[in-house]
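Working notes for the structure below.
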Amino acid sequence: MAGAGVAFVLGLIAVVFIHPATAQTVHIVGDSTGWTVPPSPTFYSEWAAGKTFRLGESIQFNFPTNAHDVLEMKTKESFDACNFTNSDNDIERTGPVIERLDELGMHYFVCTVGTHCSSGQKLAINVVSATAGGPMSPGGPMSPSSPSPPSSVMPPPSPSSSNALMATLPLTFFALLVMTFF
Ligand SMILES: *[C@@H]1O[C@H](CO)[C@@H](O)[C@H](O)[C@H]1NC(C)=O
Ligand SMILES: [Cu+2]
């Protein structure tokens with residue numbers, strides 16, 4: 001009985017603590033430049049070109065509140081034209097803004113302050129499935145039929161997984177200690 005109890009507690013710890021630690025990738029938009037009027041109009045497309053954005057990951061826009069904002073555009077046409085009318089999305093003005101990538105396909109983000117968008121403060125990214133291969137060209141063809149694994153399958157190990165395991169070791173010992181007294 002005690003063995004089953006220990007196994008249960010260890011399983012619970014693994015699910016609660018290890019899974020979130022390995023699953024999350026947050027892309028910092030523009031890296032140290034942040035979300036601002038960029039040094040060149042192609043800055044954010046160059047930033048995005050080297051990266052793969054996967055379902056369930058997040059992107060973070062770093063900017064001082066009210067200096068810039070983030071609006072997700074519905075269409076490529078309005079994104080290209082920096083035309084903010086007829087967007088039902090809320091403008092987010094409080095920095096930093098973290099957007100979770102919950103939908104496959106193209107996503108278009110702009111800043112609506114002044115002429116920032118037409119100066120290049122705009123970002124288009126293509127969100128691919130969690131298991132798709134390497135970087136895709138922006139706007140490249142999607143493959144909606146690409147296989148996705150059952151949700152119970154563990155994600156591939158990331159460099160942080162051993163750290164996460166180390167972090168849970170004290171908890172494991174604590175749990176074992178608690179078990180000992182019952
Ligand atoms: C902006 O978009 C709206 C609707 O999407 C359109 O009616 C309007 O003509 C556009 N404005 C410009 C300047 O293109
Ligand atoms: Cu701006």
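Chain labels follow the order of the structure tokens: the first chain is A, the next B, and so on; residue numbering restarts at 1 in every chain, and ligands are counted from 1 in their shown order.
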
Margin query: If DSSP is run on the backbone, what residues of segment 20-146 of chain A are alpha helix (DSSP H)? A reply as a PyMOL selection string would be ideal.
Written below: chain A and resi 20-23+43-49+76-81

Next item on the list: Produce as a count of residues only the set of residues near ligand 2, where near means within 7 Å with only C-alpha atoms and all ligand atoms considered.
Entry: 11

Note to self: Using only C-alpha atoms and all ligand atoms, which residues have at least one atom no more than 12 Å from ligand 1? Output them as number ranges by chain.
What the structure shows: A: 73-88

Checklist line | Best match for closeness to Val70 of chain A among A:Leu101, A:Ile91, A:Val128, A:Ala49, counting only C-alpha atoms | finding: A:Ile91

Segment 38-40 of chain A surroundings by only C-alpha atoms, 12 Å radius, close-in-sequence under 6 positions cut, as a PDB file with N, CA, C and O atoms, in the first residue's frame:
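Now in result.pdb:
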```
ATOM      1  N   VAL A  29       9.877  39.150 -28.889  1.00  0.00           N
ATOM      2  CA  VAL A  29       9.824  39.810 -30.199  1.00  0.00           C
ATOM      3  C   VAL A  29      10.924  40.871 -30.295  1.00  0.00           C
ATOM      4  O   VAL A  29      11.017  41.757 -29.440  1.00  0.00           O
ATOM      5  N   GLY A  30      11.766  40.739 -31.340  1.00  0.00           N
ATOM      6  CA  GLY A  30      12.854  41.696 -31.543  1.00  0.00           C
ATOM      7  C   GLY A  30      14.021  41.510 -30.590  1.00  0.00           C
ATOM      8  O   GLY A  30      14.937  42.339 -30.582  1.00  0.00           O
ATOM      9  N   ASP A  31      13.984  40.442 -29.812  1.00  0.00           N
ATOM     10  CA  ASP A  31      15.029  40.193 -28.805  1.00  0.00           C
ATOM     11  C   ASP A  31      15.296  41.451 -27.984  1.00  0.00           C
ATOM     12  O   ASP A  31      14.343  42.050 -27.483  1.00  0.00           O
ATOM     13  N   SER A  32      16.554  41.891 -27.877  1.00  0.00           N
ATOM     14  CA  SER A  32      16.855  43.014 -26.979  1.00  0.00           C
ATOM     15  C   SER A  32      16.345  44.354 -27.513  1.00  0.00           C
ATOM     16  O   SER A  32      16.239  45.327 -26.763  1.00  0.00           O
ATOM     17  N   GLU A  46      12.821  40.040 -40.571  1.00  0.00           N
ATOM     18  CA  GLU A  46      14.104  39.320 -40.452  1.00  0.00           C
ATOM     19  C   GLU A  46      14.181  38.561 -39.126  1.00  0.00           C
ATOM     20  O   GLU A  46      14.677  37.439 -39.061  1.00  0.00           O
ATOM     21  N   TRP A  47      13.665  39.194 -38.070  1.00  0.00           N
ATOM     22  CA  TRP A  47      13.668  38.523 -36.759  1.00  0.00           C
ATOM     23  C   TRP A  47      12.864  37.224 -36.833  1.00  0.00           C
ATOM     24  O   TRP A  47      13.281  36.191 -36.317  1.00  0.00           O
ATOM     25  N   CYS A 111       1.671  47.891 -34.349  1.00  0.00           N
ATOM     26  CA  CYS A 111       1.520  48.965 -33.373  1.00  0.00           C
ATOM     27  C   CYS A 111       0.684  50.049 -34.041  1.00  0.00           C
ATOM     28  O   CYS A 111       0.937  50.424 -35.191  1.00  0.00           O
ATOM     29  N   THR A 115       2.803  56.791 -36.783  1.00  0.00           N
ATOM     30  CA  THR A 115       3.135  56.133 -38.055  1.00  0.00           C
ATOM     31  C   THR A 115       4.046  54.922 -37.827  1.00  0.00           C
ATOM     32  O   THR A 115       4.758  54.489 -38.742  1.00  0.00           O
ATOM     33  N   HIS A 116       4.021  54.388 -36.590  1.00  0.00           N
ATOM     34  CA  HIS A 116       4.937  53.290 -36.261  1.00  0.00           C
ATOM     35  C   HIS A 116       4.762  52.101 -37.202  1.00  0.00           C
ATOM     36  O   HIS A 116       5.743  51.502 -37.646  1.00  0.00           O
ATOM     37  N   CYS A 117       3.504  51.745 -37.499  1.00  0.00           N
ATOM     38  CA  CYS A 117       3.265  50.564 -38.340  1.00  0.00           C
ATOM     39  C   CYS A 117       3.895  50.753 -39.716  1.00  0.00           C
ATOM     40  O   CYS A 117       4.630  49.883 -40.200  1.00  0.00           O
ATOM     41  N   SER A 118       3.641  51.899 -40.327  1.00  0.00           N
ATOM     42  CA  SER A 118       4.200  52.092 -41.681  1.00  0.00           C
ATOM     43  C   SER A 118       5.715  52.271 -41.642  1.00  0.00           C
ATOM     44  O   SER A 118       6.387  52.118 -42.672  1.00  0.00           O
ATOM     45  N   SER A 119       6.262  52.545 -40.448  1.00  0.00           N
ATOM     46  CA  SER A 119       7.722  52.587 -40.318  1.00  0.00           C
ATOM     47  C   SER A 119       8.309  51.201 -40.054  1.00  0.00           C
ATOM     48  O   SER A 119       9.513  51.073 -39.834  1.00  0.00           O
ATOM     49  N   GLY A 120       7.450  50.191 -39.991  1.00  0.00           N
ATOM     50  CA  GLY A 120       7.959  48.834 -39.864  1.00  0.00           C
ATOM     51  C   GLY A 120       7.690  48.163 -38.532  1.00  0.00           C
ATOM     52  O   GLY A 120       8.151  47.046 -38.298  1.00  0.00           O
ATOM     53  N   GLN A 121       6.921  48.820 -37.633  1.00  0.00           N
ATOM     54  CA  GLN A 121       6.612  48.155 -36.360  1.00  0.00           C
ATOM     55  C   GLN A 121       5.408  47.248 -36.569  1.00  0.00           C
ATOM     56  O   GLN A 121       4.270  47.536 -36.167  1.00  0.00           O
ATOM     57  N   LYS A 122       5.665  46.128 -37.222  1.00  0.00           N
ATOM     58  CA  LYS A 122       4.641  45.157 -37.579  1.00  0.00           C
ATOM     59  C   LYS A 122       5.294  43.796 -37.698  1.00  0.00           C
ATOM     60  O   LYS A 122       6.453  43.686 -38.097  1.00  0.00           O
ATOM     61  N   LEU A 123       4.545  42.771 -37.321  1.00  0.00           N
ATOM     62  CA  LEU A 123       5.116  41.428 -37.275  1.00  0.00           C
ATOM     63  C   LEU A 123       4.117  40.421 -37.834  1.00  0.00           C
ATOM     64  O   LEU A 123       2.980  40.357 -37.372  1.00  0.00           O
TER      65      LEU A 123
END
```
